[in-house]
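Novice: structure-v9.txt (compact mmCIF, C-alpha atoms and all ligand atoms) pasted underneath:
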# COMPACT_ATOMS: atom_id res chain seq x y z
CA MET A 1 -17.86 19.95 -110.52
CA HIS A 2 -14.94 22.09 -109.42
CA CYS A 3 -11.54 23.02 -110.77
CA VAL A 4 -9.42 25.03 -108.35
CA ARG A 5 -5.77 25.49 -107.41
CA LYS A 6 -4.02 26.51 -104.24
CA ILE A 7 -2.02 29.76 -104.53
CA ALA A 8 -0.75 29.95 -100.95
CA GLU A 9 -1.88 28.71 -97.54
CA ASN A 10 -5.68 29.12 -97.55
CA VAL A 11 -5.66 31.11 -100.80
CA PHE A 12 -7.19 29.51 -103.89
CA TRP A 13 -7.72 30.30 -107.56
CA VAL A 14 -11.43 29.75 -108.21
CA GLY A 15 -11.62 31.30 -111.69
CA VAL A 16 -12.97 29.88 -114.93
CA ASN A 17 -11.61 29.73 -118.48
CA GLU A 18 -13.67 31.27 -121.25
CA ARG A 19 -13.00 28.89 -124.15
CA HIS A 20 -16.16 29.35 -126.22
CA ASN A 21 -16.30 33.06 -126.97
CA PRO A 22 -14.04 33.69 -130.00
CA PHE A 23 -13.61 37.35 -129.02
CA PHE A 24 -12.58 39.28 -125.93
CA GLU A 25 -14.77 42.37 -125.48
CA ASN A 26 -16.50 41.09 -128.63
CA ILE A 27 -13.68 42.45 -130.78
CA TYR A 28 -10.25 40.97 -129.98
CA PRO A 29 -9.72 37.47 -131.40
CA VAL A 30 -8.75 35.03 -128.65
CA PRO A 31 -8.32 31.65 -130.38
CA GLU A 32 -6.81 30.25 -127.18
CA GLY A 33 -9.53 31.74 -125.00
CA TYR A 34 -8.86 33.64 -121.81
CA SER A 35 -9.20 33.05 -118.12
CA CYS A 36 -11.37 35.06 -115.75
CA ASN A 37 -9.45 34.81 -112.49
CA SER A 38 -11.11 34.98 -109.12
CA TYR A 39 -9.48 34.18 -105.79
CA LEU A 40 -10.85 32.95 -102.49
CA ILE A 41 -9.12 33.60 -99.16
CA LEU A 42 -10.03 31.55 -96.08
CA ASP A 43 -9.23 33.29 -92.80
CA GLU A 44 -11.38 34.10 -89.76
CA LYS A 45 -13.44 35.76 -92.46
CA THR A 46 -13.80 34.44 -95.99
CA VAL A 47 -13.02 36.80 -98.85
CA LEU A 48 -13.69 36.41 -102.55
CA THR A 49 -11.85 38.76 -104.91
CA ASP A 50 -13.75 39.50 -108.11
CA THR A 51 -15.87 37.01 -110.06
CA VAL A 52 -16.03 35.83 -113.68
CA GLY A 53 -17.67 36.74 -116.98
CA PRO A 54 -21.16 35.94 -118.23
CA ASP A 55 -22.08 32.27 -118.82
CA LEU A 56 -19.33 30.96 -116.53
CA GLY A 57 -21.42 30.70 -113.37
CA GLU A 58 -21.82 26.91 -113.16
CA MET A 59 -18.10 26.18 -112.82
CA PHE A 60 -17.51 29.32 -110.76
CA PHE A 61 -20.08 28.53 -108.08
CA GLY A 62 -18.91 24.92 -108.04
CA ASN A 63 -15.39 26.17 -107.34
CA ILE A 64 -16.25 28.56 -104.55
CA GLU A 65 -18.63 26.12 -102.85
CA HIS A 66 -15.93 23.45 -102.91
CA VAL A 67 -13.30 25.73 -101.33
CA LEU A 68 -15.73 27.22 -98.82
CA GLY A 69 -16.61 23.72 -97.60
CA GLY A 70 -19.91 24.89 -96.15
CA ARG A 71 -18.75 28.29 -94.90
CA LYS A 72 -20.43 31.45 -96.13
CA ILE A 73 -18.77 34.36 -97.92
CA ASP A 74 -18.13 37.34 -95.64
CA TYR A 75 -16.58 39.79 -98.12
CA VAL A 76 -16.53 40.15 -101.90
CA ILE A 77 -13.79 42.54 -103.01
CA VAL A 78 -14.61 44.12 -106.35
CA ASN A 79 -11.33 45.30 -107.83
CA HIS A 80 -12.85 45.90 -111.26
CA MET A 81 -16.42 46.30 -112.48
CA GLU A 82 -16.02 45.30 -116.13
CA PRO A 83 -18.45 42.46 -116.87
CA ASP A 84 -15.67 39.95 -117.62
CA HIS A 85 -15.09 40.06 -113.85
CA CYS A 86 -18.25 41.26 -112.17
CA SER A 87 -20.96 39.27 -113.94
CA MET A 88 -21.66 37.06 -110.94
CA LEU A 89 -22.17 39.86 -108.39
CA GLY A 90 -25.97 39.74 -108.72
CA ARG A 91 -26.10 36.00 -108.12
CA LEU A 92 -23.60 36.29 -105.26
CA ALA A 93 -25.75 38.96 -103.62
CA GLU A 94 -28.73 36.59 -103.67
CA LYS A 95 -26.86 33.44 -102.71
CA TYR A 96 -24.91 35.04 -99.85
CA PRO A 97 -27.28 37.65 -98.38
CA ASP A 98 -24.87 38.54 -95.55
CA ALA A 99 -21.84 39.09 -97.78
CA VAL A 100 -20.42 42.62 -97.74
CA PHE A 101 -19.17 43.98 -101.06
CA VAL A 102 -15.96 45.99 -100.90
CA GLY A 103 -15.11 48.66 -103.46
CA ASN A 104 -14.68 52.37 -103.91
CA GLN A 105 -17.46 54.88 -104.50
CA LYS A 106 -17.28 54.48 -108.28
CA THR A 107 -17.43 50.70 -107.94
CA ALA A 108 -20.65 50.91 -105.95
CA VAL A 109 -22.27 53.27 -108.46
CA MET A 110 -21.33 50.99 -111.37
CA ALA A 111 -22.62 47.94 -109.48
CA GLY A 112 -25.95 49.74 -109.11
CA GLN A 113 -25.96 50.42 -112.85
CA PHE A 114 -25.21 46.84 -113.87
CA PHE A 115 -27.36 45.16 -111.20
CA ASP A 116 -30.27 45.96 -108.94
CA GLU A 117 -29.62 49.42 -107.48
CA LYS A 118 -30.10 47.99 -103.99
CA ILE A 119 -26.72 46.29 -104.30
CA GLN A 120 -25.13 49.68 -103.58
CA SER A 121 -26.31 49.51 -99.96
CA ARG A 122 -24.32 46.28 -99.55
CA PHE A 123 -21.04 48.07 -100.29
CA MET A 124 -18.34 48.93 -97.80
CA ILE A 125 -16.62 51.90 -99.45
CA VAL A 126 -12.84 52.00 -99.33
CA LYS A 127 -10.36 54.70 -100.32
CA GLU A 128 -6.65 54.78 -101.09
CA GLY A 129 -4.68 53.03 -98.34
CA ASP A 130 -7.72 51.79 -96.38
CA SER A 131 -7.44 48.31 -94.90
CA LEU A 132 -9.65 45.42 -93.91
CA SER A 133 -8.65 42.95 -91.19
CA ILE A 134 -9.94 39.44 -91.87
CA GLY A 135 -8.11 37.48 -89.15
CA LYS A 136 -4.42 36.73 -89.61
CA ARG A 137 -4.43 38.85 -92.70
CA THR A 138 -4.86 42.52 -93.36
CA LEU A 139 -5.91 43.51 -96.85
CA ARG A 140 -5.00 47.00 -98.04
CA PHE A 141 -6.53 48.80 -101.00
CA TYR A 142 -4.81 50.99 -103.57
CA MET A 143 -6.63 52.82 -106.32
CA ALA A 144 -5.53 52.18 -109.91
CA PRO A 145 -7.84 54.45 -111.92
CA MET A 146 -7.92 53.76 -115.69
CA VAL A 147 -5.94 50.56 -115.40
CA HIS A 148 -8.37 49.87 -117.05
CA TRP A 149 -11.60 51.59 -115.90
CA PRO A 150 -11.91 54.57 -113.53
CA GLU A 151 -13.00 52.44 -110.57
CA THR A 152 -10.17 49.90 -110.88
CA MET A 153 -8.29 49.20 -107.67
CA VAL A 154 -5.83 46.57 -106.45
CA THR A 155 -5.75 44.68 -103.16
CA TYR A 156 -2.61 43.80 -101.21
CA ASP A 157 -2.48 40.97 -98.67
CA GLU A 158 0.17 42.21 -96.22
CA ALA A 159 0.64 38.82 -94.51
CA GLU A 160 1.12 36.70 -97.63
CA ARG A 161 2.55 39.57 -99.71
CA ILE A 162 0.09 38.87 -102.49
CA LEU A 163 -1.05 41.61 -104.84
CA TYR A 164 -4.42 41.12 -106.52
CA SER A 165 -3.62 43.37 -109.44
CA ALA A 166 -6.92 43.56 -111.39
CA ASP A 167 -6.37 43.94 -115.15
CA ALA A 168 -2.71 44.89 -114.69
CA PHE A 169 -0.38 42.01 -115.54
CA GLY A 170 -3.15 40.12 -117.33
CA THR A 171 -2.54 37.81 -120.26
CA PHE A 172 -4.73 36.40 -123.02
CA GLY A 173 -5.00 32.63 -123.32
CA SER A 174 -6.77 30.07 -121.17
CA ILE A 175 -4.95 28.51 -118.26
CA ASN A 176 -4.32 24.92 -119.25
CA GLY A 177 -3.71 23.51 -115.80
CA ASN A 178 -0.42 25.32 -115.27
CA LEU A 179 -1.63 28.20 -113.19
CA PHE A 180 1.77 29.69 -112.41
CA ALA A 181 3.78 31.61 -114.99
CA ASP A 182 6.92 29.65 -114.08
CA GLU A 183 5.31 26.25 -114.66
CA ASP A 184 5.11 26.06 -118.42
CA GLY A 185 6.85 28.89 -120.27
CA PHE A 186 5.09 32.23 -120.08
CA ASP A 187 3.78 33.64 -123.36
CA MET A 188 4.94 37.26 -123.27
CA ASP A 189 3.49 37.85 -126.77
CA SER A 190 -0.02 37.18 -125.43
CA ALA A 191 0.70 39.44 -122.47
CA ARG A 192 1.82 42.20 -124.82
CA VAL A 193 -1.28 41.86 -127.02
CA TYR A 194 -3.37 42.04 -123.85
CA TYR A 195 -1.58 45.06 -122.38
CA THR A 196 -1.35 47.14 -125.54
CA ASN A 197 -4.95 46.67 -126.60
CA ILE A 198 -6.68 46.76 -123.23
CA VAL A 199 -4.52 49.04 -121.09
CA GLY A 200 -2.09 50.54 -123.65
CA LYS A 201 -3.91 53.86 -123.90
CA TYR A 202 -3.34 54.42 -120.19
CA GLY A 203 0.43 54.43 -119.89
CA LEU A 204 0.55 57.28 -117.35
CA GLN A 205 -1.95 55.56 -115.10
CA THR A 206 -0.11 52.26 -115.41
CA ALA A 207 3.14 54.01 -114.45
CA ALA A 208 1.36 55.44 -111.39
CA LEU A 209 0.37 51.92 -110.31
CA LEU A 210 3.93 50.67 -110.86
CA LYS A 211 5.14 53.48 -108.61
CA LYS A 212 2.76 52.39 -105.85
CA MET A 213 3.96 48.81 -106.26
CA GLU A 214 7.56 49.89 -105.60
CA ALA A 215 6.60 50.48 -101.97
CA LEU A 216 5.21 46.93 -101.58
CA SER A 217 7.03 43.63 -101.18
CA ILE A 218 5.27 41.35 -103.60
CA ASP A 219 5.82 37.57 -103.51
CA ILE A 220 2.80 36.61 -105.59
CA LEU A 221 1.06 38.60 -108.30
CA CYS A 222 -2.53 37.58 -109.02
CA PRO A 223 -3.99 39.29 -112.10
CA LEU A 224 -7.54 38.94 -113.36
CA HIS A 225 -6.46 37.17 -116.56
CA GLY A 226 -3.79 34.59 -117.24
CA PRO A 227 -1.09 33.03 -115.09
CA VAL A 228 -0.22 33.90 -111.51
CA TRP A 229 3.37 35.09 -110.92
CA ARG A 230 5.42 33.82 -107.97
CA LYS A 231 8.94 33.95 -109.49
CA ASN A 232 10.83 36.60 -111.44
CA ILE A 233 8.01 39.11 -111.09
CA GLU A 234 10.55 41.83 -111.88
CA VAL A 235 10.75 40.52 -115.48
CA PHE A 236 7.07 41.26 -116.08
CA GLU A 237 7.31 44.53 -114.16
CA GLY A 238 10.21 45.53 -116.43
CA LYS A 239 8.06 44.98 -119.50
CA TYR A 240 5.28 47.03 -117.92
CA ARG A 241 7.70 49.88 -117.27
CA LEU A 242 8.68 49.98 -120.95
CA TRP A 243 5.11 49.61 -122.19
CA SER A 244 3.77 52.28 -119.84
CA ARG A 245 6.44 54.71 -121.09
CA TYR A 246 5.78 53.75 -124.73
CA GLU A 247 9.38 52.69 -125.10
CA PRO A 248 10.26 49.90 -127.55
CA GLU A 249 11.52 46.57 -126.25
CA ASP A 250 13.60 45.78 -129.34
CA ARG A 251 15.57 47.72 -131.92
CA ALA A 252 13.64 46.01 -134.69
CA VAL A 253 11.42 46.65 -137.73
CA VAL A 254 7.81 45.77 -138.34
CA ILE A 255 6.44 46.27 -141.85
CA ALA A 256 2.65 46.63 -141.89
CA TYR A 257 1.08 46.76 -145.34
CA ALA A 258 -2.36 47.14 -146.83
CA SER A 259 -2.28 45.84 -150.39
CA ILE A 260 -5.22 45.29 -152.74
CA TYR A 261 -3.70 43.29 -155.62
CA GLY A 262 -0.25 42.53 -154.28
CA ASN A 263 1.76 45.41 -155.72
CA THR A 264 2.11 47.23 -152.41
CA GLU A 265 2.98 43.88 -150.90
CA HIS A 266 5.81 43.53 -153.46
CA ALA A 267 7.26 46.81 -152.24
CA ALA A 268 7.07 45.61 -148.64
CA GLU A 269 8.68 42.32 -149.65
CA ARG A 270 11.52 44.07 -151.43
CA LEU A 271 12.17 46.19 -148.37
CA ALA A 272 12.20 43.16 -146.05
CA PHE A 273 14.66 41.28 -148.27
CA LYS A 274 16.92 44.30 -148.64
CA LEU A 275 16.94 44.72 -144.85
CA GLY A 276 17.85 41.04 -144.52
CA GLU A 277 20.67 41.50 -147.01
CA LEU A 278 21.94 44.37 -144.88
CA GLY A 279 22.07 42.10 -141.85
CA VAL A 280 18.94 43.35 -140.11
CA LYS A 281 17.45 40.48 -138.11
CA GLY A 282 13.92 39.79 -136.92
CA VAL A 283 12.02 41.84 -139.53
CA LYS A 284 8.29 41.14 -139.23
CA MET A 285 5.82 41.62 -142.08
CA TYR A 286 2.08 41.85 -141.52
CA ASP A 287 -0.60 41.87 -144.20
CA LEU A 288 -3.25 44.02 -142.57
CA SER A 289 -5.98 42.29 -144.56
CA ARG A 290 -5.08 39.01 -142.87
CA VAL A 291 -3.67 39.81 -139.46
CA ASP A 292 -5.85 41.34 -136.78
CA PRO A 293 -4.85 44.92 -135.88
CA SER A 294 -4.59 43.94 -132.21
CA LYS A 295 -1.57 41.78 -133.06
CA VAL A 296 0.04 44.48 -135.21
CA LEU A 297 -0.53 47.09 -132.51
CA ALA A 298 1.33 44.88 -130.04
CA GLU A 299 4.19 44.44 -132.49
CA ALA A 300 4.34 48.18 -133.05
CA PHE A 301 4.70 48.62 -129.27
CA ARG A 302 7.51 46.03 -129.24
CA CYS A 303 9.59 47.42 -132.12
CA SER A 304 11.51 50.68 -132.48
CA HIS A 305 10.78 51.07 -136.22
CA ILE A 306 7.58 50.65 -138.20
CA VAL A 307 7.09 50.86 -141.96
CA LEU A 308 3.58 51.56 -143.19
CA ALA A 309 2.79 50.70 -146.82
CA SER A 310 -0.68 51.29 -148.20
CA SER A 311 -2.60 51.40 -151.43
CA THR A 312 -4.84 54.35 -152.15
CA TYR A 313 -8.54 53.44 -152.05
CA ASN A 314 -11.50 55.66 -152.88
CA ASN A 315 -9.07 58.56 -152.82
CA GLY A 316 -8.26 57.65 -149.22
CA LEU A 317 -6.41 54.94 -147.36
CA PHE A 318 -7.03 51.27 -148.04
CA THR A 319 -9.33 50.40 -145.16
CA PRO A 320 -7.07 47.98 -143.21
CA MET A 321 -4.39 50.70 -142.95
CA GLU A 322 -6.98 53.24 -141.82
CA VAL A 323 -8.05 50.81 -139.09
CA LEU A 324 -4.47 50.29 -137.93
CA LEU A 325 -3.72 54.02 -137.82
CA ASN A 326 -6.90 54.66 -135.83
CA ASP A 327 -5.85 51.92 -133.44
CA LEU A 328 -2.33 53.32 -133.05
CA LYS A 329 -3.72 56.77 -132.30
CA ALA A 330 -6.36 55.44 -129.90
CA HIS A 331 -3.67 53.61 -127.93
CA ASN A 332 -1.36 56.62 -127.63
CA PHE A 333 1.29 55.14 -129.90
CA GLN A 334 4.41 57.33 -129.74
CA ASN A 335 8.21 57.52 -129.63
CA ARG A 336 8.91 55.55 -132.79
CA THR A 337 10.72 55.88 -136.11
CA VAL A 338 8.36 55.46 -139.04
CA ALA A 339 8.68 55.22 -142.81
CA VAL A 340 5.83 55.42 -145.28
CA ILE A 341 5.27 53.83 -148.71
CA GLU A 342 2.26 54.79 -150.79
CA ASN A 343 0.76 53.27 -153.91
CA GLY A 344 -1.89 54.54 -156.30
CA THR A 345 -2.69 54.17 -159.98
CA TRP A 346 -3.96 57.62 -160.98
CA ALA A 347 -3.82 59.80 -157.86
CA PRO A 348 -1.74 58.31 -155.02
CA ALA A 349 -2.97 59.87 -151.77
CA SER A 350 -2.18 57.29 -149.10
CA GLY A 351 1.25 58.72 -148.26
CA LYS A 352 -0.10 62.14 -147.40
CA LEU A 353 -2.94 60.60 -145.42
CA MET A 354 -0.64 58.30 -143.45
CA LEU A 355 1.60 61.28 -142.60
CA GLU A 356 -1.46 63.28 -141.48
CA ALA A 357 -2.51 60.46 -139.18
CA LEU A 358 1.02 60.10 -137.79
CA SER A 359 1.25 63.85 -137.15
CA CYS A 360 -1.37 63.40 -134.38
CA MET A 361 0.97 61.05 -132.49
CA LYS A 362 3.74 62.18 -130.14
CA ASN A 363 7.43 62.03 -130.96
CA ILE A 364 7.22 60.19 -134.26
CA THR A 365 10.34 60.49 -136.41
CA ILE A 366 9.59 60.16 -140.12
CA LEU A 367 12.62 58.71 -141.87
CA ARG A 368 12.14 60.29 -145.31
CA ASP A 369 9.44 61.61 -147.64
CA PRO A 370 6.96 58.87 -148.53
CA ILE A 371 8.09 56.56 -151.32
CA SER A 372 5.44 56.83 -154.00
CA ILE A 373 4.66 53.93 -156.29
CA LYS A 374 2.39 54.14 -159.28
CA SER A 375 0.58 50.81 -159.67
CA SER A 376 3.61 48.53 -159.48
CA LEU A 377 7.21 48.60 -158.36
CA LYS A 378 9.52 49.73 -161.19
CA GLU A 379 13.24 50.48 -161.22
CA GLN A 380 12.95 53.94 -159.68
CA GLY A 381 10.67 52.76 -156.87
CA ALA A 382 12.88 49.74 -156.20
CA GLN A 383 15.89 52.00 -155.88
CA ALA A 384 14.05 54.19 -153.40
CA ILE A 385 13.06 51.10 -151.40
CA ASP A 386 16.69 49.97 -151.32
CA GLU A 387 17.75 53.41 -150.10
CA LEU A 388 15.08 53.25 -147.40
CA ALA A 389 16.42 49.87 -146.27
CA GLY A 390 19.88 51.45 -145.87
CA GLU A 391 18.43 54.36 -143.89
CA ILE A 392 16.51 52.00 -141.60
CA ALA A 393 19.60 49.82 -141.05
CA LEU A 394 21.59 52.91 -140.14
CA SER A 395 18.90 54.26 -137.85
CA LEU A 396 18.57 50.91 -136.04
CA ASN A 397 22.20 51.10 -135.03
CA GLN A 398 22.01 54.64 -133.68
FE1 LIG B 401 -10.48 42.21 -117.70
FE2 LIG B 401 -11.03 45.56 -117.87
O1 LIG B 401 -11.54 43.78 -117.69
What's the structure tokens form of this structure?
Specialist:
Amino acid sequence: MHCVRKIAENVFWVGVNERHNPFFENIYPVPEGYSCNSYLILDEKTVLTDTVGPDLGEMFFGNIEHVLGGRKIDYVIVNHMEPDHCSMLGRLAEKYPDAVFVGNQKTAVMAGQFFDEKIQSRFMIVKEGDSLSIGKRTLRFYMAPMVHWPETMVTYDEAERILYSADAFGTFGSINGNLFADEDGFDMDSARVYYTNIVGKYGLQTAALLKKMEALSIDILCPLHGPVWRKNIEVFEGKYRLWSRYEPEDRAVVIAYASIYGNTEHAAERLAFKLGELGVKGVKMYDLSRVDPSKVLAEAFRCSHIVLASSTYNNGLFTPMEVLLNDLKAHNFQNRTVAVIENGTWAPASGKLMLEALSCMKNITILRDPISIKSSLKEQGAQAIDELAGEIALSLNQ
């Protein structure tokens, strides 16, 4: 059984969708699955770029055997050693004993850690700007450390102007037949969730890769997850520029709340409705007990303003808010305007704790002192919420 698609003349997608594992990296919910992309180039030499994740071998080997049509594999380029891409290296080494693995020094060391150490001796080590001639094509290698692991690199096919971009420009969601981003409406939300959670911490390193890409003419962009880009690549690159600089895409508000019995939620609701009354469009509300933090993190990257509302719990933060704040900090969240609403029945503490957490993040503008609610929203609290809505509306227009 095989399931492949042609990318360009003698270049094929030979990846596999992961539709059974409910989580990516065993933590991020992926209800629509994700694709592990691998590509096979047929020239005077045959070249496979990356492989797939665990348990996907049957379809993967069916794909590559079909495209090879009886030829052997000459080179296996390892752009990234995370197991969602490298899990088949051990089997490839056995099945194709003459294949040469191509990677940098760190790649080879990691391969020896994940597989039999002898695999290291099969590696051809490449450095920044090195090239490999495979016939009509020359492949050139550029290092992309920490996008997303230290060994990550990208490979550029100078003849076809194809960039094999590793984790950069990846997207969650299985590929449902439409391999190209222009074929069936690209889901930028899934791309944003992917970027922010997987690569978001490494904005500087992503910006460095974007800089290298400026010197290349790229007709086709082949990431390790999600659709392949052959049109309007600059649209996706533009998003990456913003994300890598931690700049918002939209002047918009996201309200993230952690509410135990609904009273903190009422405050969030009041704020959202007041903002609507003031003409603010596109307000998003997220109940952190129900929505995965990976989605809220992505929304926080998209929007210019975020309101955090949390109950006090065990004299600390209600756990879902603590999780979100840890996530924001871990992903270098910065450059945003934030407002804080706390709730507590006998000793509200969540406001102070949210501010403490925010103080560890760069360039965060706090709109006003935390609004403090005792148990439920009363007249005084409601008035403060209404004032906050006015301040946010004003700030959005600045
Ligand atoms: Fe898709 Fe960093 O692995």
Novice: Just checking: using only C-alpha atoms, which residue out of A:Val109, A:Leu224, A:Leu308, A:Leu163 ends up closest to Leu139 in chain A?
Specialist: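 For Leu139 in chain A, the nearest of the candidates is A:Leu163.
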Novice: Which residues are near ligand LIG 401 (chain B) - at most 6 Å, using only C-alpha atoms and all ligand atoms? Format: as a list in words.
Specialist: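 Written in the requested form, the residues are Glu82, Asp84, His148 and Asp167 of chain A.
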Novice: Env of range 168-176 of chain A: 8 Å cut, atoms = only C-alpha atoms, seq-sep filter 5 positions within chain, self excluded. Answer as an MDAnalysis selection string.
Specialist: chainID A and resid 17:19 30:35 147:148 190:195 199 206 223:227 236 240
Novice: So, counting all atoms listed in the file, which residue among A:Val11, A:Leu56, A:Leu394, A:Leu42 is closest to Arg161 in chain A?
Specialist: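 Of A:Val11, A:Leu56, A:Leu394, A:Leu42, the one nearest Arg161 in chain A, counting all atoms listed in the file, is A:Val11.
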Novice: Identify, on the basis of all atoms listed in the file, every residue whose closest approach to Glu58 in chain A does not exceed 12 Å; exclude the query and any residue fewer than 6 positions from it along the same chain; express the result as a list in words.
Specialist: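 Near Glu58 in chain A, the qualifying residues are Met1, His2, Cys3, Val14, Gly15, Val16, Asn17, Val52, Ile64, Glu65, Met88 and Arg91 of chain A.
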Novice: Those same residues, written as a JSON list (two decimals), in the coordinates of the input with C-alpha atoms?
Specialist:
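Now in result-v9.json:
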[["chain", "number", "residue", "atom", "x", "y", "z"],
["A", 1, "MET", "CA", -17.86, 19.95, -110.52],
["A", 2, "HIS", "CA", -14.94, 22.09, -109.42],
["A", 3, "CYS", "CA", -11.54, 23.02, -110.77],
["A", 14, "VAL", "CA", -11.43, 29.75, -108.21],
["A", 15, "GLY", "CA", -11.62, 31.30, -111.69],
["A", 16, "VAL", "CA", -12.97, 29.88, -114.93],
["A", 17, "ASN", "CA", -11.61, 29.73, -118.48],
["A", 52, "VAL", "CA", -16.03, 35.83, -113.68],
["A", 64, "ILE", "CA", -16.25, 28.56, -104.55],
["A", 65, "GLU", "CA", -18.63, 26.12, -102.85],
["A", 88, "MET", "CA", -21.66, 37.06, -110.94],
["A", 91, "ARG", "CA", -26.10, 36.00, -108.12]]
Novice: At a cut-off of 9 Å, using all atoms listed in the file, what residues contact Leu40 in chain A? Leave out same-chain residues fewer than 5 positions from it and give the result as a PDB file with C-alpha atoms, in the frame of the given file.
Specialist:
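Wrote it out as result37.pdb, contents follow:
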ATOM      1  CA  ASN A  10      -5.680  29.120 -97.550  1.00  0.00           C
ATOM      2  CA  VAL A  11      -5.660  31.110-100.800  1.00  0.00           C
ATOM      3  CA  PHE A  12      -7.190  29.510-103.890  1.00  0.00           C
ATOM      4  CA  TRP A  13      -7.720  30.300-107.560  1.00  0.00           C
ATOM      5  CA  VAL A  14     -11.430  29.750-108.210  1.00  0.00           C
ATOM      6  CA  THR A  46     -13.800  34.440 -95.990  1.00  0.00           C
ATOM      7  CA  VAL A  47     -13.020  36.800 -98.850  1.00  0.00           C
ATOM      8  CA  LEU A  48     -13.690  36.410-102.550  1.00  0.00           C
ATOM      9  CA  THR A  49     -11.850  38.760-104.910  1.00  0.00           C
ATOM     10  CA  ILE A  64     -16.250  28.560-104.550  1.00  0.00           C
ATOM     11  CA  VAL A  67     -13.300  25.730-101.330  1.00  0.00           C
ATOM     12  CA  LEU A  68     -15.730  27.220 -98.820  1.00  0.00           C
TER      13      LEU A  68
END
Novice: By how many Å are CA of Gly177 in chain A and CA of Cys36 in chain A apart?
Specialist: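 For CA of Gly177 in chain A relative to CA of Cys36 in chain A, the distance reads 13.9 Å.
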Novice: Determine, counting all atoms listed in the file, which protein, DNA and RNA residues have an atom within 9 Å of an atom of Arg230 in chain A; residues of the same chain fewer than 6 positions away are not included. Present the result as a list in words.
Specialist: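 Selected residues are Phe180, Ala181, Asp182, Ile218, Asp219, Ile220, Leu221 and Cys222 of chain A.
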Novice: Which residues are near Met81 in chain A? Cut-off 10 Å, all atoms listed in the file, ignore same chain within fewer than 6 positions. Put them as a list in words.
Specialist: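 In the requested format, the answer is Asp50, Thr51, Ser87, Leu89, Gly103, Lys106, Thr107, Ala108, Val109, Met110, Ala111, Phe114, His148, Trp149, Pro150, Glu151, Thr152, Met153 and Ala166 of chain A.
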Novice: Rank nothing, just name the residue among A:Leu210, A:Val228, A:Leu288, A:Ile198 nearest to Ser38 in chain A, using all atoms listed in the file.
Specialist: A:Val228
Novice: Go through A:Leu317, A:Leu367, A:Leu271, A:Leu92 one by one, measure the shortest atom-to-atom distance of each to Leu353 in chain A using all atoms listed in the file, and give the residue with the smallest value.
Specialist: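 Nearest to Leu353 in chain A: A:Leu317.
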Novice: Could you jot down the CA of Ser259 in chain A to CA of Ile371 in chain A separation for me, Å, one decimal place?
Specialist: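 Interatomic distance here is 14.9 Å.
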Novice: List every protein, DNA or RNA residue with an atom no more than 10 Å from (-2.3, 53.8, -136.4) in the file's coordinates, counting only C-alpha atoms, and format the result as a count of residues only.
Specialist: 23
Novice: In the coordinate frame of the file, compute which residues have an atom within 12 Å of (6.4, 47.0, -117.4) when using all atoms listed in the file, and state them as a PyMOL selection string.
Specialist: chain A and resi 168-170+188+191-192+195-196+199-200+203-204+206-211+213+233-249+302
Novice: Could those residues be written to a file, using C-alpha atoms, as a JSON list (two decimals), in the frame of the given file?
Specialist:
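Final output, saved to selection_14.json:
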[["chain", "number", "residue", "atom", "x", "y", "z"],
["A", 168, "ALA", "CA", -2.71, 44.89, -114.69],
["A", 169, "PHE", "CA", -0.38, 42.01, -115.54],
["A", 170, "GLY", "CA", -3.15, 40.12, -117.33],
["A", 188, "MET", "CA", 4.94, 37.26, -123.27],
["A", 191, "ALA", "CA", 0.70, 39.44, -122.47],
["A", 192, "ARG", "CA", 1.82, 42.20, -124.82],
["A", 195, "TYR", "CA", -1.58, 45.06, -122.38],
["A", 196, "THR", "CA", -1.35, 47.14, -125.54],
["A", 199, "VAL", "CA", -4.52, 49.04, -121.09],
["A", 200, "GLY", "CA", -2.09, 50.54, -123.65],
["A", 203, "GLY", "CA", 0.43, 54.43, -119.89],
["A", 204, "LEU", "CA", 0.55, 57.28, -117.35],
["A", 206, "THR", "CA", -0.11, 52.26, -115.41],
["A", 207, "ALA", "CA", 3.14, 54.01, -114.45],
["A", 208, "ALA", "CA", 1.36, 55.44, -111.39],
["A", 209, "LEU", "CA", 0.37, 51.92, -110.31],
["A", 210, "LEU", "CA", 3.93, 50.67, -110.86],
["A", 211, "LYS", "CA", 5.14, 53.48, -108.61],
["A", 213, "MET", "CA", 3.96, 48.81, -106.26],
["A", 233, "ILE", "CA", 8.01, 39.11, -111.09],
["A", 234, "GLU", "CA", 10.55, 41.83, -111.88],
["A", 235, "VAL", "CA", 10.75, 40.52, -115.48],
["A", 236, "PHE", "CA", 7.07, 41.26, -116.08],
["A", 237, "GLU", "CA", 7.31, 44.53, -114.16],
["A", 238, "GLY", "CA", 10.21, 45.53, -116.43],
["A", 239, "LYS", "CA", 8.06, 44.98, -119.50],
["A", 240, "TYR", "CA", 5.28, 47.03, -117.92],
["A", 241, "ARG", "CA", 7.70, 49.88, -117.27],
["A", 242, "LEU", "CA", 8.68, 49.98, -120.95],
["A", 243, "TRP", "CA", 5.11, 49.61, -122.19],
["A", 244, "SER", "CA", 3.77, 52.28, -119.84],
["A", 245, "ARG", "CA", 6.44, 54.71, -121.09],
["A", 246, "TYR", "CA", 5.78, 53.75, -124.73],
["A", 247, "GLU", "CA", 9.38, 52.69, -125.10],
["A", 248, "PRO", "CA", 10.26, 49.90, -127.55],
["A", 249, "GLU", "CA", 11.52, 46.57, -126.25],
["A", 302, "ARG", "CA", 7.51, 46.03, -129.24]]
Novice: Could you check the closest approach to Asn104 in chain A for each of A:Asp55, A:Glu128, A:Asp292, A:Glu391 and tell me which residue wins, using all atoms listed in the file?
Specialist: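 Counting all atoms listed in the file, the residue closest to Asn104 in chain A is A:Glu128.
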